[in-house]
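Participant: Okay, so here is data.txt, and as you'll see once you scroll down, it has compact mmCIF, C-alpha atoms and all ligand atoms.
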# COMPACT_ATOMS: atom_id res chain seq x y z
CA MET A 1 -26.36 27.30 -1.53
CA GLN A 2 -28.93 29.65 -3.05
CA GLN A 3 -31.95 28.50 -5.00
CA PRO A 4 -31.68 28.59 -8.81
CA LEU A 5 -32.74 31.98 -10.10
CA THR A 6 -36.16 32.17 -11.64
CA TYR A 7 -37.31 35.08 -13.75
CA ARG A 8 -39.86 36.15 -16.27
CA GLN A 9 -37.69 38.64 -18.09
CA ILE A 10 -37.86 38.72 -21.90
CA LYS A 11 -34.82 36.89 -23.23
CA SER A 12 -32.45 38.56 -25.69
CA PHE A 13 -31.53 35.21 -27.27
CA VAL A 14 -33.08 32.06 -28.65
CA LEU A 15 -31.14 28.87 -27.99
CA ARG A 16 -31.05 26.74 -31.11
CA GLN A 17 -29.76 23.21 -31.31
CA SER A 18 -26.54 23.13 -33.28
CA ARG A 19 -23.96 20.44 -33.68
CA LEU A 20 -20.66 20.49 -31.88
CA THR A 21 -17.56 19.39 -33.75
CA LYS A 22 -15.51 16.54 -32.27
CA ALA A 23 -12.89 19.08 -31.18
CA GLN A 24 -15.55 21.18 -29.43
CA GLN A 25 -16.94 18.12 -27.61
CA LEU A 26 -13.45 17.18 -26.51
CA ALA A 27 -12.79 20.75 -25.35
CA LEU A 28 -15.92 20.65 -23.16
CA GLN A 29 -14.95 17.28 -21.72
CA GLU A 30 -11.29 17.99 -21.08
CA TYR A 31 -10.76 21.72 -20.62
CA ALA A 32 -14.06 23.25 -19.47
CA GLN A 33 -12.82 23.11 -15.90
CA SER A 34 -10.08 25.63 -16.68
CA TYR A 35 -12.36 28.17 -18.29
CA ILE A 36 -16.04 27.77 -17.36
CA TYR A 37 -16.84 29.87 -14.33
CA PRO A 38 -18.11 28.85 -11.84
CA PHE A 39 -17.23 25.33 -12.93
CA LYS A 40 -19.80 22.65 -12.37
CA ALA A 41 -18.72 19.23 -13.63
CA LEU A 42 -21.30 18.00 -16.10
CA PRO A 43 -21.24 14.93 -18.31
CA THR A 44 -20.91 15.95 -21.96
CA GLN A 45 -24.44 14.70 -22.51
CA ASP A 46 -25.73 17.47 -20.27
CA TYR A 47 -23.81 20.11 -22.13
CA LEU A 48 -25.25 18.73 -25.33
CA GLN A 49 -28.76 19.42 -24.09
CA HIS A 50 -27.78 23.02 -24.77
CA LYS A 51 -29.08 24.31 -21.47
CA PRO A 52 -27.10 27.19 -20.04
CA LEU A 53 -25.75 26.37 -16.62
CA GLU A 54 -27.98 27.26 -13.75
CA ILE A 55 -26.09 29.47 -11.41
CA THR A 56 -27.01 28.48 -7.90
CA GLN A 57 -24.06 29.66 -5.90
CA ASP A 58 -22.34 32.80 -4.74
CA ILE A 59 -19.74 33.52 -7.41
CA GLN A 60 -18.68 36.90 -6.05
CA THR A 61 -16.38 35.73 -3.27
CA PRO A 62 -14.16 33.44 -5.40
CA LEU A 63 -14.29 35.97 -8.20
CA LEU A 64 -12.99 38.80 -6.01
CA GLU A 65 -10.20 36.53 -4.72
CA GLU A 66 -9.21 35.54 -8.26
CA ALA A 67 -9.31 39.15 -9.47
CA ALA A 68 -6.85 40.30 -6.79
CA GLN A 69 -4.05 38.68 -8.84
CA TRP A 70 -4.71 40.72 -12.00
CA HIS A 71 -4.17 44.32 -13.09
CA LYS A 72 -7.57 44.82 -14.71
CA GLN A 73 -10.90 43.07 -15.22
CA VAL A 74 -12.72 43.23 -18.55
CA ILE A 75 -15.92 41.50 -19.61
CA GLU A 76 -17.37 40.82 -23.07
CA ILE A 77 -21.08 40.07 -23.24
CA GLY A 78 -22.37 37.82 -26.03
CA PHE A 79 -18.94 36.92 -27.41
CA GLY A 80 -20.30 34.64 -30.17
CA ASN A 81 -17.49 32.46 -31.48
CA GLY A 82 -15.05 34.21 -29.10
CA ASP A 83 -12.37 35.11 -31.65
CA SER A 84 -12.13 38.77 -30.61
CA LEU A 85 -12.10 37.85 -26.92
CA LEU A 86 -9.28 35.38 -27.52
CA SER A 87 -7.17 37.97 -29.28
CA ASP A 88 -7.78 40.42 -26.40
CA CYS A 89 -6.58 37.74 -23.94
CA LEU A 90 -3.41 37.28 -25.96
CA LEU A 91 -2.78 41.01 -26.30
CA GLU A 92 -3.27 41.80 -22.60
CA PRO A 93 -1.91 38.89 -20.52
CA GLN A 94 -2.05 40.97 -17.30
CA THR A 95 -5.80 41.52 -17.62
CA LEU A 96 -8.38 39.00 -16.49
CA PHE A 97 -11.06 38.64 -19.17
CA PHE A 98 -14.56 37.34 -18.61
CA GLY A 99 -16.89 36.30 -21.39
CA ILE A 100 -20.61 35.69 -21.08
CA GLU A 101 -22.33 33.66 -23.79
CA VAL A 102 -25.24 31.22 -23.95
CA HIS A 103 -24.50 29.66 -27.36
CA LEU A 104 -22.76 26.34 -26.61
CA PRO A 105 -20.75 25.89 -29.86
CA GLY A 106 -19.30 29.39 -29.37
CA VAL A 107 -18.35 28.56 -25.78
CA ALA A 108 -16.82 25.22 -26.84
CA ARG A 109 -14.92 26.82 -29.72
CA LEU A 110 -13.44 29.44 -27.40
CA ILE A 111 -12.43 26.78 -24.85
CA HIS A 112 -10.80 24.72 -27.60
CA ARG A 113 -8.86 27.68 -29.03
CA SER A 114 -7.92 29.02 -25.59
CA HIS A 115 -6.51 25.67 -24.54
CA HIS A 116 -4.40 25.45 -27.68
CA SER A 117 -3.12 29.02 -27.12
CA SER A 118 -2.35 28.26 -23.43
CA ILE A 119 -4.62 31.10 -22.31
CA GLN A 120 -4.60 31.63 -18.53
CA ASN A 121 -6.48 34.92 -18.21
CA LEU A 122 -9.99 33.92 -19.30
CA LYS A 123 -13.16 32.92 -17.45
CA ILE A 124 -16.34 32.02 -19.32
CA ILE A 125 -19.78 32.30 -17.77
CA ARG A 126 -22.34 30.35 -19.75
CA ALA A 127 -25.58 31.96 -18.67
CA ASP A 128 -28.00 34.75 -19.50
CA ALA A 129 -25.99 37.97 -19.22
CA GLN A 130 -29.03 39.95 -18.10
CA GLN A 131 -29.33 37.72 -15.04
CA VAL A 132 -25.60 37.49 -14.41
CA LEU A 133 -25.29 41.28 -14.33
CA MET A 134 -28.39 41.79 -12.25
CA HIS A 135 -27.70 39.18 -9.57
CA LEU A 136 -24.23 37.69 -9.67
CA LEU A 137 -21.40 40.06 -10.51
CA PRO A 138 -19.81 42.33 -7.93
CA SER A 139 -20.54 46.06 -8.07
CA GLU A 140 -17.79 48.52 -9.06
CA PHE A 141 -15.64 45.69 -10.38
CA PHE A 142 -14.90 45.97 -14.11
CA ASP A 143 -12.57 48.33 -15.91
CA LYS A 144 -14.35 47.69 -19.20
CA VAL A 145 -17.56 46.10 -20.46
CA GLY A 146 -17.88 45.27 -24.17
CA VAL A 147 -21.04 44.35 -26.09
CA PHE A 148 -20.17 43.85 -29.73
CA PHE A 149 -22.80 43.38 -32.42
CA PRO A 150 -25.65 42.31 -30.15
CA ASP A 151 -28.59 40.69 -31.95
CA PRO A 152 -30.45 43.62 -33.56
CA TRP A 153 -33.91 42.06 -33.28
CA HIS A 154 -34.85 44.31 -36.16
CA LYS A 155 -38.55 43.46 -36.53
CA LYS A 156 -40.65 45.99 -34.62
CA LYS A 157 -42.44 43.23 -32.66
CA HIS A 158 -39.04 41.84 -31.54
CA ASN A 159 -37.43 45.16 -30.51
CA LYS A 160 -38.31 44.37 -26.89
CA ARG A 161 -35.76 41.53 -26.98
CA ARG A 162 -32.84 43.89 -27.52
CA ILE A 163 -30.23 43.42 -24.82
CA ILE A 164 -29.36 47.11 -24.82
CA ASN A 165 -32.19 48.59 -22.81
CA PRO A 166 -32.33 50.99 -19.83
CA LYS A 167 -32.38 48.24 -17.19
CA PHE A 168 -29.43 46.41 -18.74
CA ILE A 169 -27.41 49.64 -18.94
CA GLU A 170 -28.26 50.40 -15.31
CA ASN A 171 -26.76 47.01 -14.43
CA VAL A 172 -23.70 47.67 -16.57
CA VAL A 173 -23.16 50.95 -14.69
CA LYS A 174 -23.43 49.03 -11.42
CA ILE A 175 -20.63 46.57 -12.30
CA LEU A 176 -18.26 49.18 -13.79
CA ASN A 177 -15.66 50.64 -11.45
CA SER A 178 -15.63 54.40 -10.86
CA THR A 179 -13.81 55.14 -14.15
CA GLY A 180 -14.92 52.05 -16.06
CA ILE A 181 -15.69 52.09 -19.78
CA LEU A 182 -18.62 50.70 -21.74
CA HIS A 183 -17.95 49.92 -25.42
CA ILE A 184 -20.81 48.90 -27.72
CA ALA A 185 -20.75 48.36 -31.49
CA THR A 186 -23.47 47.52 -33.99
CA ASP A 187 -23.85 47.51 -37.77
CA TRP A 188 -27.60 48.11 -37.64
CA GLU A 189 -28.62 51.78 -37.99
CA ASP A 190 -31.97 51.49 -36.23
CA TYR A 191 -30.35 49.69 -33.29
CA ALA A 192 -27.60 52.34 -33.25
CA ASN A 193 -30.24 55.06 -32.82
CA HIS A 194 -31.84 53.06 -30.03
CA ILE A 195 -28.46 52.52 -28.30
CA HIS A 196 -27.70 56.24 -28.60
CA ASN A 197 -31.02 57.11 -26.95
CA VAL A 198 -30.58 54.60 -24.12
CA LEU A 199 -27.00 55.72 -23.39
CA THR A 200 -27.71 59.45 -23.47
CA ALA A 201 -30.59 58.92 -21.02
CA GLU A 202 -28.22 57.25 -18.52
CA LYS A 203 -26.80 60.19 -16.58
CA LYS A 204 -24.06 58.12 -14.92
CA LEU A 205 -22.32 57.62 -18.30
CA GLN A 206 -20.43 60.25 -20.30
CA PRO A 207 -18.97 59.89 -23.82
CA VAL A 208 -15.17 59.55 -23.85
CA THR A 209 -13.04 62.16 -25.62
CA GLN A 210 -12.62 61.89 -29.40
CA GLU A 211 -8.98 60.91 -28.91
CA GLU A 212 -9.83 58.10 -26.52
CA PHE A 213 -12.69 57.00 -28.76
CA SER A 214 -10.38 56.60 -31.80
CA LYS A 215 -7.75 54.78 -29.72
CA LEU A 216 -10.24 52.30 -28.27
CA CYS A 217 -11.96 51.69 -31.62
CA GLN A 218 -8.61 50.91 -33.23
CA ALA A 219 -7.56 48.63 -30.37
CA ARG A 220 -10.68 46.46 -30.67
CA ALA A 221 -10.24 43.20 -32.61
CA LYS A 222 -12.84 42.65 -35.34
CA THR A 223 -15.56 40.15 -34.43
CA ALA A 224 -17.11 37.50 -36.68
CA TYR A 225 -20.39 39.45 -36.99
CA GLU A 226 -18.53 42.62 -37.73
CA LYS A 227 -16.59 40.96 -40.56
CA ARG A 228 -19.87 39.72 -42.00
CA GLY A 229 -21.40 43.20 -41.71
CA LEU A 230 -18.39 44.78 -43.41
CA SER A 231 -18.58 42.23 -46.25
CA LEU A 232 -22.16 43.46 -46.81
CA ASN A 233 -20.92 47.09 -46.79
CA HIS A 234 -22.66 47.83 -43.49
CA LYS A 235 -21.59 50.92 -41.59
CA ILE A 236 -20.20 50.23 -38.10
CA TYR A 237 -21.52 52.39 -35.24
CA GLU A 238 -19.50 52.49 -32.02
CA PHE A 239 -20.40 53.91 -28.61
CA ILE A 240 -17.81 54.40 -25.89
CA TYR A 241 -18.87 55.88 -22.57
CA ARG A 242 -17.14 56.29 -19.26
CA LYS A 243 -18.72 56.06 -15.86
CA GLY A 244 -18.56 59.27 -13.91
C1 LIG A 301 -25.18 38.68 -33.11
S1 LIG A 301 -24.22 37.66 -32.07
C2 LIG A 301 -22.66 38.56 -31.99
C3 LIG A 301 -21.54 37.70 -31.52
C4 LIG A 301 -20.18 38.39 -31.41
N1 LIG A 301 -20.19 39.45 -30.42
C5 LIG A 301 -19.74 38.92 -32.74
O1 LIG A 301 -19.78 40.16 -32.91
O2 LIG A 301 -19.36 38.11 -33.59
C6 LIG A 301 -24.89 37.98 -30.45
C7 LIG A 301 -24.47 36.97 -29.43
O3 LIG A 301 -24.96 37.34 -28.16
C8 LIG A 301 -25.38 36.18 -27.47
N2 LIG A 301 -26.39 36.60 -26.49
C9 LIG A 301 -27.54 37.24 -26.74
N3 LIG A 301 -28.20 37.51 -25.59
C10 LIG A 301 -27.43 36.98 -24.60
C11 LIG A 301 -27.57 36.92 -23.19
N4 LIG A 301 -28.64 37.46 -22.59
N5 LIG A 301 -26.63 36.32 -22.47
C12 LIG A 301 -25.54 35.78 -23.07
N6 LIG A 301 -25.33 35.81 -24.41
C13 LIG A 301 -26.27 36.41 -25.16
C14 LIG A 301 -25.95 35.28 -28.55
O4 LIG A 301 -25.93 33.91 -28.16
C15 LIG A 301 -24.99 35.57 -29.70
O5 LIG A 301 -23.90 34.68 -29.72
If you convert what's in this file into structure tokens, what do you get?

Facilitator:
Amino acid sequence: MQQPLTYRQIKSFVLRQSRLTKAQQLALQEYAQSYIYPFKALPTQDYLQHKPLEITQDIQTPLLEEAAQWHKQVIEIGFGNGDSLLSDCLLEPQTLFFGIEVHLPGVARLIHRSHHSSIQNLKIIRADAQQVLMHLLPSEFFDKVGVFFPDPWHKKKHNKRRIINPKFIENVVKILNSTGILHIATDWEDYANHIHNVLTAEKKLQPVTQEEFSKLCQARAKTAYEKRGLSLNHKIYEFIYRKG
């Protein structure tokens, strides 16, 4: 067993206390085992402390074994309430989906809805994605990585919290397989410019063709933050790059 990871990296999230509905509490108690990865049995009270799970074990070996049964592996980082991830799971039952999120009500909501939709092809990692990518996921593993509407941290003094940064993208490149795709969307123009600059500086990523871009944009289910952005007439900026 490895020691818990310790790090001084700037976090791209702030964990706020928020209430869980009865259904969400029940989902954590009864069904977390089927979805939380790697599962560590915790009394509900511990979940309610809103601490992301400490990952103290090698998750690569069981993950590689599990993945052998599936056609593709896709991961969504910061899935929020998980609605778009759930619809992807339903649309592509042969693909194993992973979701990383720290926000407990979002995790609990996705577990609740997944259970009621009999979802089998979903694993949720409740931890800081920056750490999970850097230390825990296998290299050359994913067919697709999605980061949809990451927190824009729009105040100048908070820009350093943005999850899309050169180090993060370097780690995304590491976990993508040799033809894997990175798909990012935002409704924040200043963040879009920043994302563009970070992605064009990463020489191991190339933009996909216009045809593929349109196809993948259309295939993506709308997320909760995207719907909110659209209701405020925000423009949506999408970035789709392929490793290679
Ligand atoms: C603005 S919300 C967008 C949620 C969802 N993708 C959507 O479009 O509705 C960003 C989400 O990313 C999560 N997040 C931010 N940094 C994270 C990190 N380092 N690890 C895991 N989740 C993170 C936050 O908890 C939040 O739920």

Participant: Any idea what the distance is between atom CA of A:Gly80 and atom CA of A:Val208?

Facilitator: 26.2 Å

Participant: Give me, please, the distance in Å between atom CA of A:Ala32 and atom CA of A:His71, quoted to one decimal.

Facilitator: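 Straight-line distance from atom CA of A:Ala32 to atom CA of A:His71 works out to 24.1 Å.
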
Participant: Just the number, please: distance in Å from atom CA of A:Leu20 to atom CA of A:Val107, one decimal.

Facilitator: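 Computing the Euclidean distance for atom CA of A:Leu20 and atom CA of A:Val107 yields 10.4 Å.
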
Participant: Please identify the residues whose atoms come within 6 Å of ligand LIG 301 (chain A), using only C-alpha atoms and all ligand atoms, and report them as a PDB file with C-alpha atoms, keeping the file's coordinate frame.

Facilitator:
ATOM      1  CA  SER A  12     -32.450  38.560 -25.690  1.00  0.00           C
ATOM      2  CA  PHE A  13     -31.530  35.210 -27.270  1.00  0.00           C
ATOM      3  CA  GLY A  78     -22.370  37.820 -26.030  1.00  0.00           C
ATOM      4  CA  PHE A  79     -18.940  36.920 -27.410  1.00  0.00           C
ATOM      5  CA  GLY A  80     -20.300  34.640 -30.170  1.00  0.00           C
ATOM      6  CA  ILE A 100     -20.610  35.690 -21.080  1.00  0.00           C
ATOM      7  CA  GLU A 101     -22.330  33.660 -23.790  1.00  0.00           C
ATOM      8  CA  VAL A 102     -25.240  31.220 -23.950  1.00  0.00           C
ATOM      9  CA  HIS A 103     -24.500  29.660 -27.360  1.00  0.00           C
ATOM     10  CA  ALA A 127     -25.580  31.960 -18.670  1.00  0.00           C
ATOM     11  CA  ASP A 128     -28.000  34.750 -19.500  1.00  0.00           C
ATOM     12  CA  ALA A 129     -25.990  37.970 -19.220  1.00  0.00           C
ATOM     13  CA  GLN A 130     -29.030  39.950 -18.100  1.00  0.00           C
ATOM     14  CA  PHE A 148     -20.170  43.850 -29.730  1.00  0.00           C
ATOM     15  CA  PHE A 149     -22.800  43.380 -32.420  1.00  0.00           C
ATOM     16  CA  PRO A 150     -25.650  42.310 -30.150  1.00  0.00           C
ATOM     17  CA  ASP A 151     -28.590  40.690 -31.950  1.00  0.00           C
ATOM     18  CA  THR A 223     -15.560  40.150 -34.430  1.00  0.00           C
ATOM     19  CA  ALA A 224     -17.110  37.500 -36.680  1.00  0.00           C
ATOM     20  CA  TYR A 225     -20.390  39.450 -36.990  1.00  0.00           C
ATOM     21  CA  GLU A 226     -18.530  42.620 -37.730  1.00  0.00           C
TER      22      GLU A 226
END

Participant: Here is a test: counting all atoms listed in the file, which residue of A:Ile240, A:Val14, A:Leu85, A:Leu104 is nearest to A:Lys215?

Facilitator: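 Closest to A:Lys215 of all the choices is A:Ile240.
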
Participant: Just the residues within 9 Å of A:Phe142, please, counting all atoms listed in the file, with nothing from its chain fewer than 5 positions along; format it as an MDAnalysis selection string.

Facilitator: chainID A and resid 72:75 175:177 180:181
